[in-house]
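Everything below belongs to protein08.cif, which stores mmCIF, C-alpha atoms.
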data_upload
#
loop_
_atom_site.label_atom_id
_atom_site.label_comp_id
_atom_site.auth_asym_id
_atom_site.auth_seq_id
_atom_site.Cartn_x
_atom_site.Cartn_y
_atom_site.Cartn_z
CA MET A 1 -34.50 -26.51 -10.08
CA GLY A 2 -36.97 -24.30 -8.26
CA ARG A 3 -39.10 -21.69 -9.93
CA TRP A 4 -37.46 -18.62 -11.37
CA GLU A 5 -37.13 -15.75 -8.90
CA PRO A 6 -36.78 -12.31 -10.47
CA ASN A 7 -33.30 -10.92 -9.67
CA ALA A 8 -32.77 -13.40 -6.83
CA ARG A 9 -29.03 -12.90 -6.99
CA GLY A 10 -29.22 -9.13 -6.60
CA ARG A 11 -31.83 -9.36 -3.85
CA LEU A 12 -29.70 -11.83 -1.89
CA GLY A 13 -26.65 -9.62 -2.27
CA LYS A 14 -28.52 -6.55 -1.03
CA ALA A 15 -30.08 -8.44 1.90
CA ALA A 16 -26.70 -9.90 2.91
CA LEU A 17 -24.94 -6.51 2.97
CA GLU A 18 -27.78 -5.00 5.01
CA LEU A 19 -27.60 -7.80 7.57
CA PHE A 20 -23.78 -7.83 7.76
CA ASP A 21 -24.01 -4.10 8.44
CA GLU A 22 -26.80 -4.33 11.03
CA ARG A 23 -25.83 -7.50 12.92
CA GLY A 24 -22.24 -8.13 12.00
CA TYR A 25 -20.80 -10.54 9.47
CA GLU A 26 -20.22 -13.47 11.84
CA GLN A 27 -23.66 -13.24 13.41
CA THR A 28 -25.53 -13.34 10.11
CA THR A 29 -26.75 -16.72 8.82
CA VAL A 30 -27.67 -17.80 5.31
CA ALA A 31 -31.20 -18.50 6.59
CA GLU A 32 -31.52 -14.87 7.68
CA ILE A 33 -30.20 -13.56 4.38
CA ALA A 34 -32.66 -15.68 2.42
CA LYS A 35 -35.55 -14.61 4.66
CA ARG A 36 -34.69 -10.90 4.35
CA ALA A 37 -34.63 -11.31 0.55
CA GLY A 38 -37.97 -13.13 0.61
CA LEU A 39 -36.35 -16.27 -0.80
CA THR A 40 -35.48 -19.77 0.40
CA GLU A 41 -32.11 -21.06 1.57
CA ARG A 42 -32.20 -23.41 -1.39
CA THR A 43 -32.38 -20.43 -3.71
CA PHE A 44 -29.47 -18.83 -1.86
CA PHE A 45 -27.29 -21.87 -2.48
CA ARG A 46 -28.19 -21.88 -6.17
CA HIS A 47 -26.48 -18.49 -6.40
CA TYR A 48 -23.71 -18.51 -3.78
CA ALA A 49 -21.59 -21.23 -2.17
CA ASP A 50 -21.71 -19.49 1.23
CA LYS A 51 -22.24 -16.08 2.79
CA ARG A 52 -18.62 -15.09 2.16
CA GLU A 53 -19.09 -15.56 -1.57
CA VAL A 54 -21.76 -12.85 -1.60
CA LEU A 55 -18.99 -10.35 -0.86
CA PHE A 56 -16.67 -11.63 -3.59
CA ALA A 57 -19.06 -12.30 -6.45
CA GLY A 58 -18.03 -8.96 -7.96
CA SER A 59 -14.34 -9.89 -8.08
CA SER A 60 -14.78 -12.31 -10.98
CA LEU A 61 -16.89 -9.74 -12.83
CA LEU A 62 -14.19 -7.11 -12.33
CA GLN A 63 -11.55 -9.47 -13.66
CA ASP A 64 -13.67 -10.32 -16.72
CA LEU A 65 -14.31 -6.63 -17.42
CA VAL A 66 -10.66 -5.60 -17.09
CA VAL A 67 -9.36 -8.50 -19.16
CA GLY A 68 -12.08 -7.96 -21.78
CA ALA A 69 -11.27 -4.25 -22.07
CA VAL A 70 -7.53 -4.94 -22.36
CA ALA A 71 -8.20 -7.51 -25.06
CA GLY A 72 -10.35 -4.95 -26.86
CA THR A 73 -7.62 -2.32 -27.21
CA PRO A 74 -6.10 -1.96 -30.70
CA GLU A 75 -3.25 -4.27 -31.59
CA GLY A 76 0.07 -2.59 -30.90
CA THR A 77 -1.23 -0.54 -27.96
CA ALA A 78 1.62 -0.16 -25.45
CA PRO A 79 1.17 -2.72 -22.61
CA PHE A 80 0.60 -0.27 -19.80
CA ASP A 81 -1.71 1.88 -21.95
CA ALA A 82 -3.80 -1.25 -22.53
CA VAL A 83 -3.87 -1.97 -18.79
CA ALA A 84 -4.80 1.66 -18.05
CA THR A 85 -7.67 1.50 -20.54
CA GLY A 86 -8.80 -1.81 -19.07
CA LEU A 87 -8.92 -0.45 -15.52
CA ARG A 88 -10.80 2.72 -16.43
CA THR A 89 -13.29 0.96 -18.67
CA ALA A 90 -14.02 -1.72 -16.07
CA ALA A 91 -14.36 0.87 -13.30
CA ALA A 92 -16.84 2.90 -15.36
CA GLU A 93 -18.94 -0.17 -16.16
CA MET A 94 -18.92 -1.72 -12.72
CA PHE A 95 -18.75 1.11 -10.20
CA HIS A 96 -20.74 3.96 -11.74
CA GLY A 97 -23.54 4.67 -9.24
CA ALA A 98 -22.27 1.91 -6.93
CA TYR A 99 -20.44 4.00 -4.36
CA ALA A 100 -22.70 3.36 -1.34
CA HIS A 101 -22.69 -0.39 -1.97
CA ALA A 102 -18.90 -0.50 -2.53
CA ARG A 103 -18.24 1.51 0.60
CA ARG A 104 -20.43 -0.69 2.78
CA ARG A 105 -18.85 -3.84 1.39
CA TYR A 106 -15.35 -2.43 1.90
CA ALA A 107 -16.07 -1.67 5.56
CA ILE A 108 -17.14 -5.27 6.17
CA VAL A 109 -14.18 -6.80 4.33
CA SER A 110 -11.70 -4.47 6.08
CA ALA A 111 -12.98 -5.47 9.51
CA HIS A 112 -12.21 -9.20 9.07
CA GLY A 113 -8.77 -10.72 8.59
CA ASP A 114 -9.99 -13.68 6.58
CA LEU A 115 -12.01 -11.44 4.26
CA ARG A 116 -9.02 -9.14 3.76
CA GLU A 117 -6.95 -12.19 2.84
CA ARG A 118 -9.57 -13.27 0.35
CA GLU A 119 -9.52 -9.79 -1.19
CA LEU A 120 -5.74 -10.12 -1.63
CA VAL A 121 -6.22 -13.49 -3.31
CA LYS A 122 -8.73 -11.97 -5.73
CA LEU A 123 -6.36 -9.11 -6.57
CA ALA A 124 -3.54 -11.61 -7.16
CA SER A 125 -5.88 -13.50 -9.48
CA LEU A 126 -6.62 -10.27 -11.38
CA SER A 127 -2.87 -9.69 -11.77
CA THR A 128 -2.29 -13.24 -13.04
CA ALA A 129 -5.15 -12.92 -15.55
CA LEU A 130 -3.88 -9.55 -16.76
CA ALA A 131 -0.35 -10.89 -17.27
CA ARG A 132 -1.74 -13.86 -19.23
CA THR A 133 -3.79 -11.53 -21.44
CA LEU A 134 -0.78 -9.33 -22.16
CA ARG A 135 1.40 -12.34 -23.02
CA GLY A 136 -1.37 -13.48 -25.37
CA ARG A 137 -0.97 -10.12 -27.13
CA GLY A 138 2.73 -10.71 -27.61
CA VAL A 139 4.06 -8.74 -24.63
CA PRO A 140 7.25 -10.47 -23.40
CA GLU A 141 8.17 -11.20 -19.80
CA PRO A 142 8.95 -9.59 -17.44
CA ALA A 143 7.05 -6.61 -18.95
CA ALA A 144 3.73 -8.51 -18.99
CA SER A 145 3.84 -9.48 -15.31
CA LEU A 146 5.24 -6.11 -14.24
CA ALA A 147 2.54 -4.17 -16.10
CA ALA A 148 -0.10 -6.48 -14.60
CA GLU A 149 1.27 -5.98 -11.07
CA ALA A 150 1.48 -2.23 -11.60
CA GLY A 151 -2.08 -2.09 -12.92
CA THR A 152 -3.40 -4.12 -10.00
CA GLY A 153 -1.53 -1.83 -7.60
CA VAL A 154 -2.99 1.27 -9.26
CA PHE A 155 -6.46 -0.24 -8.96
CA ARG A 156 -6.02 -1.10 -5.29
CA VAL A 157 -4.66 2.32 -4.29
CA SER A 158 -7.32 4.13 -6.35
CA PHE A 159 -10.14 2.06 -4.94
CA GLU A 160 -9.09 2.77 -1.35
CA ARG A 161 -8.77 6.49 -2.10
CA TRP A 162 -12.22 6.43 -3.69
CA ILE A 163 -13.77 4.72 -0.68
CA GLU A 164 -12.28 7.41 1.57
CA GLU A 165 -13.86 10.23 -0.43
CA GLY A 166 -17.09 10.00 1.54
CA GLU A 167 -19.53 12.74 0.53
CA GLU A 168 -19.87 13.50 -3.16
CA PRO A 169 -17.38 10.94 -4.42
CA ARG A 170 -15.93 11.25 -7.88
CA GLU A 171 -16.22 8.44 -10.42
CA LEU A 172 -13.77 5.61 -9.64
CA ALA A 173 -12.61 5.80 -13.27
CA ASP A 174 -11.52 9.41 -12.64
CA VAL A 175 -9.63 8.50 -9.46
CA ILE A 176 -7.86 5.77 -11.44
CA GLY A 177 -7.02 8.31 -14.14
CA GLU A 178 -5.47 10.60 -11.55
CA SER A 179 -3.45 7.69 -10.07
CA LEU A 180 -2.17 6.76 -13.52
CA VAL A 181 -0.84 10.28 -14.03
CA ALA A 182 0.93 10.19 -10.64
CA PHE A 183 2.21 6.70 -11.36
CA ARG A 184 3.78 7.61 -14.68
CA ALA A 185 5.34 10.70 -13.13
CA PHE A 186 7.20 8.88 -10.35
CA ALA A 187 8.05 5.84 -12.48
CA ALA A 188 9.75 8.22 -14.91
CA GLY A 189 11.85 9.53 -12.02
CA ALA A 190 9.98 12.66 -10.90
CA MET B 1 14.24 -20.32 30.09
CA GLY B 2 16.12 -23.43 29.08
CA ARG B 3 19.83 -23.52 28.41
CA TRP B 4 21.18 -21.65 25.43
CA GLU B 5 21.30 -23.72 22.24
CA PRO B 6 23.77 -22.50 19.61
CA ASN B 7 21.89 -21.27 16.52
CA ALA B 8 18.69 -23.06 17.57
CA ARG B 9 16.58 -20.87 15.32
CA GLY B 10 18.60 -21.63 12.22
CA ARG B 11 18.80 -25.36 13.00
CA LEU B 12 15.03 -25.53 13.46
CA GLY B 13 14.44 -23.70 10.21
CA LYS B 14 16.76 -26.03 8.30
CA ALA B 15 15.21 -29.14 9.86
CA ALA B 16 11.69 -27.93 9.11
CA LEU B 17 12.41 -27.28 5.43
CA GLU B 18 14.08 -30.69 5.07
CA LEU B 19 11.10 -32.45 6.63
CA PHE B 20 8.49 -30.46 4.68
CA ASP B 21 10.37 -31.44 1.56
CA GLU B 22 10.75 -35.14 2.47
CA ARG B 23 7.38 -35.89 4.10
CA GLY B 24 5.12 -33.05 3.05
CA TYR B 25 4.15 -29.94 4.98
CA GLU B 26 0.92 -31.30 6.49
CA GLN B 27 2.51 -34.56 7.58
CA THR B 28 5.35 -32.90 9.49
CA THR B 29 4.89 -32.22 13.20
CA VAL B 30 6.68 -29.78 15.48
CA ALA B 31 7.95 -32.77 17.50
CA GLU B 32 9.64 -34.17 14.38
CA ILE B 33 11.18 -30.82 13.50
CA ALA B 34 12.61 -30.43 16.99
CA LYS B 35 13.94 -33.98 16.97
CA ARG B 36 15.62 -33.55 13.58
CA ALA B 37 17.27 -30.37 14.87
CA GLY B 38 18.43 -32.17 18.04
CA LEU B 39 16.33 -29.83 20.18
CA THR B 40 13.19 -30.01 22.31
CA GLU B 41 9.66 -28.95 21.36
CA ARG B 42 9.92 -26.36 24.11
CA THR B 43 12.90 -24.83 22.36
CA PHE B 44 10.95 -24.83 19.09
CA PHE B 45 8.14 -22.84 20.67
CA ARG B 46 10.59 -20.32 22.09
CA HIS B 47 11.49 -19.45 18.49
CA TYR B 48 8.34 -20.03 16.44
CA ALA B 49 4.61 -19.90 17.19
CA ASP B 50 3.91 -22.90 14.95
CA LYS B 51 5.37 -24.80 12.00
CA ARG B 52 3.88 -22.32 9.53
CA GLU B 53 5.84 -19.47 11.09
CA VAL B 54 9.11 -21.21 10.24
CA LEU B 55 8.32 -20.45 6.59
CA PHE B 56 7.47 -16.79 7.19
CA ALA B 57 10.10 -15.72 9.69
CA GLY B 58 12.06 -14.19 6.81
CA SER B 59 9.18 -11.93 5.74
CA SER B 60 9.58 -9.59 8.71
CA LEU B 61 13.33 -9.48 8.15
CA LEU B 62 12.80 -8.62 4.48
CA GLN B 63 10.41 -5.82 5.43
CA ASP B 64 12.87 -4.43 7.99
CA LEU B 65 15.73 -4.53 5.48
CA VAL B 66 13.75 -2.85 2.69
CA VAL B 67 12.31 -0.15 4.95
CA GLY B 68 15.70 0.45 6.55
CA ALA B 69 17.43 0.79 3.18
CA VAL B 70 14.74 3.20 1.92
CA ALA B 71 15.09 5.27 5.08
CA GLY B 72 18.85 5.32 4.54
CA THR B 73 18.74 6.91 1.06
CA PRO B 74 19.70 10.61 0.92
CA GLU B 75 16.97 13.14 1.61
CA GLY B 76 15.41 14.30 -1.62
CA THR B 77 15.92 10.97 -3.43
CA ALA B 78 13.01 10.48 -5.83
CA PRO B 79 10.43 8.11 -4.24
CA PHE B 80 10.74 5.28 -6.70
CA ASP B 81 14.54 5.57 -6.74
CA ALA B 82 14.46 5.13 -2.96
CA VAL B 83 12.21 2.08 -3.31
CA ALA B 84 14.48 0.63 -6.01
CA THR B 85 17.52 1.08 -3.79
CA GLY B 86 15.65 -0.48 -0.86
CA LEU B 87 14.70 -3.59 -2.84
CA ARG B 88 18.19 -4.17 -4.27
CA THR B 89 19.95 -3.58 -0.97
CA ALA B 90 17.61 -5.90 0.93
CA ALA B 91 17.89 -8.59 -1.75
CA ALA B 92 21.69 -8.45 -1.64
CA GLU B 93 21.75 -8.72 2.16
CA MET B 94 19.12 -11.40 2.53
CA PHE B 95 19.32 -13.62 -0.55
CA HIS B 96 23.00 -13.74 -1.49
CA GLY B 97 23.95 -17.42 -1.30
CA ALA B 98 20.42 -18.37 -0.26
CA TYR B 99 19.09 -19.64 -3.58
CA ALA B 100 18.67 -23.32 -2.69
CA HIS B 101 16.86 -22.47 0.54
CA ALA B 102 14.63 -19.87 -1.14
CA ARG B 103 13.73 -22.25 -3.94
CA ARG B 104 12.81 -25.09 -1.59
CA ARG B 105 10.73 -22.78 0.57
CA TYR B 106 8.97 -21.35 -2.49
CA ALA B 107 8.01 -24.84 -3.70
CA ILE B 108 6.39 -25.63 -0.35
CA VAL B 109 4.53 -22.32 -0.12
CA SER B 110 3.32 -22.56 -3.73
CA ALA B 111 1.86 -26.00 -3.16
CA HIS B 112 -0.50 -24.90 -0.35
CA GLY B 113 -3.36 -22.43 -0.72
CA ASP B 114 -3.20 -21.19 2.86
CA LEU B 115 0.55 -20.63 2.64
CA ARG B 116 0.14 -18.75 -0.65
CA GLU B 117 -2.46 -16.55 1.06
CA ARG B 118 -0.09 -15.89 3.92
CA GLU B 119 2.59 -14.89 1.42
CA LEU B 120 0.17 -12.37 -0.11
CA VAL B 121 -0.56 -10.97 3.35
CA LYS B 122 3.16 -10.54 4.00
CA LEU B 123 3.63 -8.76 0.66
CA ALA B 124 0.69 -6.47 1.43
CA SER B 125 2.32 -5.72 4.78
CA LEU B 126 5.58 -4.84 2.99
CA SER B 127 3.67 -2.47 0.71
CA THR B 128 1.94 -0.79 3.67
CA ALA B 129 5.24 -0.36 5.52
CA LEU B 130 6.93 1.05 2.41
CA ALA B 131 4.14 3.57 1.85
CA ARG B 132 4.35 4.67 5.50
CA THR B 133 8.12 5.12 5.21
CA LEU B 134 7.74 7.22 2.06
CA ARG B 135 5.06 9.41 3.65
CA GLY B 136 7.40 9.91 6.60
CA ARG B 137 9.94 11.27 4.10
CA GLY B 138 7.43 13.80 2.83
CA VAL B 139 6.18 11.93 -0.25
CA PRO B 140 2.49 12.86 -0.76
CA GLU B 141 -0.33 10.47 -1.55
CA PRO B 142 -1.14 8.83 -3.88
CA ALA B 143 2.53 8.76 -4.96
CA ALA B 144 3.66 7.08 -1.72
CA SER B 145 1.18 4.20 -1.94
CA LEU B 146 1.62 3.83 -5.70
CA ALA B 147 5.40 3.66 -5.43
CA ALA B 148 5.07 1.14 -2.59
CA GLU B 149 2.68 -1.05 -4.60
CA ALA B 150 4.91 -0.81 -7.66
CA GLY B 151 7.97 -1.74 -5.63
CA THR B 152 6.23 -4.70 -4.06
CA GLY B 153 5.08 -5.82 -7.52
CA VAL B 154 8.62 -5.54 -8.88
CA PHE B 155 9.90 -7.62 -5.96
CA ARG B 156 7.25 -10.31 -6.44
CA VAL B 157 7.79 -10.67 -10.19
CA SER B 158 11.59 -10.62 -9.80
CA PHE B 159 11.56 -13.19 -7.04
CA GLU B 160 9.46 -15.61 -9.10
CA ARG B 161 11.71 -15.14 -12.11
CA TRP B 162 14.74 -15.77 -9.92
CA ILE B 163 13.26 -18.97 -8.50
CA GLU B 164 12.63 -20.20 -12.05
CA GLU B 165 16.28 -19.70 -13.05
CA GLY B 166 17.26 -23.11 -11.71
CA GLU B 167 20.90 -23.90 -12.50
CA GLU B 168 23.43 -21.11 -12.01
CA PRO B 169 21.01 -18.44 -10.84
CA ARG B 170 22.01 -14.80 -10.93
CA GLU B 171 21.89 -12.65 -7.79
CA LEU B 172 18.31 -11.67 -6.90
CA ALA B 173 19.48 -8.05 -6.71
CA ASP B 174 20.47 -8.26 -10.38
CA VAL B 175 17.12 -9.74 -11.42
CA ILE B 176 15.42 -6.88 -9.55
CA GLY B 177 17.66 -4.40 -11.35
CA GLU B 178 16.62 -5.86 -14.71
CA SER B 179 12.94 -5.69 -13.72
CA LEU B 180 13.32 -2.07 -12.70
CA VAL B 181 14.68 -1.19 -16.14
CA ALA B 182 11.77 -2.97 -17.84
CA PHE B 183 9.33 -1.37 -15.42
CA ARG B 184 10.51 2.18 -16.11
CA ALA B 185 10.43 1.52 -19.84
CA PHE B 186 6.80 0.43 -20.03
CA ALA B 187 5.62 2.93 -17.41
CA ALA B 188 7.07 5.68 -19.59
CA GLY B 189 4.96 4.36 -22.44
CA ALA B 190 7.37 2.18 -24.39
#
Go ahead and express the file in the form of structure tokens.
Amino acid sequence: MGRWEPNARGRLGKAALELFDERGYEQTTVAEIAKRAGLTERTFFRHYADKREVLFAGSSLLQDLVVGAVAGTPEGTAPFDAVATGLRTAAAEMFHGAYAHARRRYAIVSAHGDLRERELVKLASLSTALARTLRGRGVPEPAASLAAEAGTGVFRVSFERWIEEGEEPRELADVIGESLVAFRAFAAGA
Amino acid sequence: MGRWEPNARGRLGKAALELFDERGYEQTTVAEIAKRAGLTERTFFRHYADKREVLFAGSSLLQDLVVGAVAGTPEGTAPFDAVATGLRTAAAEMFHGAYAHARRRYAIVSAHGDLRERELVKLASLSTALARTLRGRGVPEPAASLAAEAGTGVFRVSFERWIEEGEEPRELADVIGESLVAFRAFAAGA
């Protein structure tokens, strides 16, 4: 193990996004990312498997936050209410003050087919984890999987709407709240 | 163009699934698929870009059927009712009597990470097409995208439940109908 570098992970993430933005994702090397962050390649590989992983490190955190918040709702909470709480809580914790970063990352991911595919894989993983959590709380199938798919869909649509807000964006948690209202309205047959 | 081969596309698809099943997906070559079907490699490539495409040829058909059925619902149909009708109609047209084929295909796709990713891409494409169709019918955002995501989620969950039925499976359209009932119940807060 090398010496401890203060916030190496965050510095590498910031440097990577800057370089992807300036030079393009394909053209950027791990060596350049490490150099921009003032760190070594060896330090980079202690934190990330490759440059792609820098873009998806947040996906596991999001999943942990959503699942944790769902698990923290009172016993007996209706399944989709638990999912709704999980999404809003995770969004508030993870994306408050993170708009510029999220928008830049989204632009890079959207521009590359293989990164878009990876994003879909991560969302599918979130759905699977959510369904497992709901089943663990006694929610039967197919309600558990359907509520998980619906929640993941609400998150995806809300996130894309949020990214499009541009100037003076609202909180992601508020956009999700608005989507949940619209979702319940049409699901009920409006 | 070579001479016309009766049902070449279907024969190639059947041969490919048999070989993927017997020898494994990676081990099977286009030459073997063509030979099993009693056709030439050249004929194969007139119908499919590569062996992977044999597995995903149905995805475009599914999308066309769902979108067409949604577009065919009466003007003023509630968005999610239109999506529900689209899913059931497409399932009845495409998967009636196709259980054994669908199950075999699903086993092959599930066993390979890159094929699973491609399946997610195709589902995302279905969702995008559905949302576009709904917007074209005057459904505003975010309702259009949310209904499309919900519909795609219902299809995915229903399809997996159907595949798991094994002996004496119901019609996929009926499994979708059951999912839609469960979906509306939890979305309404049950």
**OP:** Could you expand the PyMOL selection byres ((chain B and resi 110-118) around 10) into the explicit residues it covers here, written as an MDAnalysis selection string?
**Re:** (chainID A and resid 114 117:118 120:121 124) or (chainID B and resid 24:26 52:53 55:56 105:109 119:124)
**OP:** Can you check which residues of chain B have any atom within 7 Å of chain A? Use all atoms listed in the file and format it as a VMD selection string.
**Re:** chain B and resid 78 to 80 117 120 to 121 142 to 143 145 to 146 149 to 150 153 to 154 157 179 182 to 184 186 to 190
**OP:** Determine the residue membership of the PyMOL selection byres ((chain A and resi 82-90) around 10) for the file above and supply it as number ranges by chain.
**Re:** A: 61-81, 91-96, 130-131, 133-134, 147-148, 150-152, 154-155, 171-177, 180
Original post:
So which residues touch segment 38-40 of chain A within 12 Å, counting only C-alpha atoms, skipping near sequence neighbours fewer than 6 positions away, as a PyMOL selection string?
Top reply: chain A and resi 2-16+30-32+46-47
Original post:
Which one is closest to Pro169 of chain B: B:Ala98, B:Val139, B:Ala129, B:Ile33? Count only C-alpha atoms.
Top reply: B:Ala98
Original post:
Between atom CA of Val54 of chain B and atom CA of Ala100 of chain B, what is the spacing in Å?
Top reply: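 Result for atom CA of Ala100 of chain B versus atom CA of Val54 of chain B: 16.2 Å, one decimal.
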**OP:** Place a sphere of radius 12 Å on (-15.4, 8.9, 2.1) in the file coordinates and name every protein, DNA or RNA residue with an atom inside or on its surface, counting all atoms listed in the file; give the answer as a PyMOL selection string.
**Re:** chain A and resi 99-100+102-104+106-107+159-170
Take the residues from that selection and put them in a file with C-alpha atoms, as an mmCIF file, in the coordinates of the input.
data_model
loop_
_atom_site.group_PDB
_atom_site.id
_atom_site.type_symbol
_atom_site.label_atom_id
_atom_site.label_comp_id
_atom_site.auth_asym_id
_atom_site.auth_seq_id
_atom_site.Cartn_x
_atom_site.Cartn_y
_atom_site.Cartn_z
ATOM 1 C CA TYR A 99 -20.440 4.000 -4.360
ATOM 2 C CA ALA A 100 -22.700 3.360 -1.340
ATOM 3 C CA ALA A 102 -18.900 -0.500 -2.530
ATOM 4 C CA ARG A 103 -18.240 1.510 0.600
ATOM 5 C CA ARG A 104 -20.430 -0.690 2.780
ATOM 6 C CA TYR A 106 -15.350 -2.430 1.900
ATOM 7 C CA ALA A 107 -16.070 -1.670 5.560
ATOM 8 C CA PHE A 159 -10.140 2.060 -4.940
ATOM 9 C CA GLU A 160 -9.090 2.770 -1.350
ATOM 10 C CA ARG A 161 -8.770 6.490 -2.100
ATOM 11 C CA TRP A 162 -12.220 6.430 -3.690
ATOM 12 C CA ILE A 163 -13.770 4.720 -0.680
ATOM 13 C CA GLU A 164 -12.280 7.410 1.570
ATOM 14 C CA GLU A 165 -13.860 10.230 -0.430
ATOM 15 C CA GLY A 166 -17.090 10.000 1.540
ATOM 16 C CA GLU A 167 -19.530 12.740 0.530
ATOM 17 C CA GLU A 168 -19.870 13.500 -3.160
ATOM 18 C CA PRO A 169 -17.380 10.940 -4.420
ATOM 19 C CA ARG A 170 -15.930 11.250 -7.880
#
Original post:
Using only C-alpha atoms, which of the listed residues (A:Gly58, A:Ala49, A:Glu18, A:Arg132) sits closest to Arg36 of chain A?
Top reply: A:Glu18
Original post:
In Å, with one decimal, what is the gap from atom CA of Thr29 of chain A to atom CA of Lys51 of chain A?
Top reply: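 Spanning atom CA of Thr29 of chain A to atom CA of Lys51 of chain A is a straight-line distance of 7.6 Å.
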**OP:** Report the distance between atom CA of Ala34 of chain B and atom CA of Glu22 of chain B in Å, rounded to one decimal place.
**Re:** 15.4 Å
Model the absent atoms of segment 62-76 of chain B so that N, CA, C and O atoms are present, and write the result as a PDB file, in the coordinates of the input.
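Final file, out_19.pdb:
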ATOM      1  N   LEU B  62      12.799  -9.284   5.783  1.00  0.00           N
ATOM      2  CA  LEU B  62      12.800  -8.620   4.480  1.00  0.00           C
ATOM      3  C   LEU B  62      12.214  -7.212   4.598  1.00  0.00           C
ATOM      4  O   LEU B  62      12.786  -6.238   4.110  1.00  0.00           O
ATOM      5  N   GLN B  63      11.073  -7.129   5.265  1.00  0.00           N
ATOM      6  CA  GLN B  63      10.410  -5.820   5.430  1.00  0.00           C
ATOM      7  C   GLN B  63      11.334  -4.835   6.158  1.00  0.00           C
ATOM      8  O   GLN B  63      11.485  -3.690   5.730  1.00  0.00           O
ATOM      9  N   ASP B  64      11.964  -5.302   7.233  1.00  0.00           N
ATOM     10  CA  ASP B  64      12.870  -4.430   7.990  1.00  0.00           C
ATOM     11  C   ASP B  64      14.042  -3.959   7.118  1.00  0.00           C
ATOM     12  O   ASP B  64      14.442  -2.795   7.167  1.00  0.00           O
ATOM     13  N   LEU B  65      14.581  -4.885   6.325  1.00  0.00           N
ATOM     14  CA  LEU B  65      15.730  -4.530   5.480  1.00  0.00           C
ATOM     15  C   LEU B  65      15.336  -3.526   4.403  1.00  0.00           C
ATOM     16  O   LEU B  65      16.051  -2.553   4.149  1.00  0.00           O
ATOM     17  N   VAL B  66      14.177  -3.755   3.755  1.00  0.00           N
ATOM     18  CA  VAL B  66      13.750  -2.850   2.690  1.00  0.00           C
ATOM     19  C   VAL B  66      13.467  -1.457   3.266  1.00  0.00           C
ATOM     20  O   VAL B  66      13.964  -0.437   2.767  1.00  0.00           O
ATOM     21  N   VAL B  67      12.679  -1.432   4.334  1.00  0.00           N
ATOM     22  CA  VAL B  67      12.310  -0.150   4.950  1.00  0.00           C
ATOM     23  C   VAL B  67      13.561   0.580   5.446  1.00  0.00           C
ATOM     24  O   VAL B  67      13.708   1.796   5.241  1.00  0.00           O
ATOM     25  N   GLY B  68      14.472  -0.161   6.062  1.00  0.00           N
ATOM     26  CA  GLY B  68      15.700   0.450   6.550  1.00  0.00           C
ATOM     27  C   GLY B  68      16.540   1.039   5.429  1.00  0.00           C
ATOM     28  O   GLY B  68      17.083   2.143   5.555  1.00  0.00           O
ATOM     29  N   ALA B  69      16.631   0.302   4.306  1.00  0.00           N
ATOM     30  CA  ALA B  69      17.430   0.790   3.180  1.00  0.00           C
ATOM     31  C   ALA B  69      16.780   2.009   2.533  1.00  0.00           C
ATOM     32  O   ALA B  69      17.468   2.947   2.115  1.00  0.00           O
ATOM     33  N   VAL B  70      15.449   2.024   2.465  1.00  0.00           N
ATOM     34  CA  VAL B  70      14.740   3.200   1.920  1.00  0.00           C
ATOM     35  C   VAL B  70      15.002   4.407   2.813  1.00  0.00           C
ATOM     36  O   VAL B  70      15.325   5.503   2.340  1.00  0.00           O
ATOM     37  N   ALA B  71      14.881   4.175   4.119  1.00  0.00           N
ATOM     38  CA  ALA B  71      15.090   5.270   5.080  1.00  0.00           C
ATOM     39  C   ALA B  71      16.529   5.788   5.030  1.00  0.00           C
ATOM     40  O   ALA B  71      16.788   6.943   5.379  1.00  0.00           O
ATOM     41  N   GLY B  72      17.446   4.927   4.578  1.00  0.00           N
ATOM     42  CA  GLY B  72      18.850   5.320   4.540  1.00  0.00           C
ATOM     43  C   GLY B  72      19.271   6.055   3.271  1.00  0.00           C
ATOM     44  O   GLY B  72      20.411   6.508   3.168  1.00  0.00           O
ATOM     45  N   THR B  73      18.362   6.182   2.286  1.00  0.00           N
ATOM     46  CA  THR B  73      18.740   6.910   1.060  1.00  0.00           C
ATOM     47  C   THR B  73      18.777   8.415   1.367  1.00  0.00           C
ATOM     48  O   THR B  73      18.070   8.882   2.266  1.00  0.00           O
ATOM     49  N   PRO B  74      19.581   9.172   0.632  1.00  0.00           N
ATOM     50  CA  PRO B  74      19.700  10.610   0.920  1.00  0.00           C
ATOM     51  C   PRO B  74      18.344  11.321   0.814  1.00  0.00           C
ATOM     52  O   PRO B  74      17.515  10.955  -0.032  1.00  0.00           O
ATOM     53  N   GLU B  75      18.152  12.288   1.660  1.00  0.00           N
ATOM     54  CA  GLU B  75      16.970  13.140   1.610  1.00  0.00           C
ATOM     55  C   GLU B  75      16.825  13.705   0.197  1.00  0.00           C
ATOM     56  O   GLU B  75      17.817  14.065  -0.419  1.00  0.00           O
ATOM     57  N   GLY B  76      15.607  13.743  -0.284  1.00  0.00           N
ATOM     58  CA  GLY B  76      15.410  14.300  -1.620  1.00  0.00           C
ATOM     59  C   GLY B  76      15.520  13.284  -2.743  1.00  0.00           C
ATOM     60  O   GLY B  76      15.264  13.611  -3.905  1.00  0.00           O
TER      61      GLY B  76
END
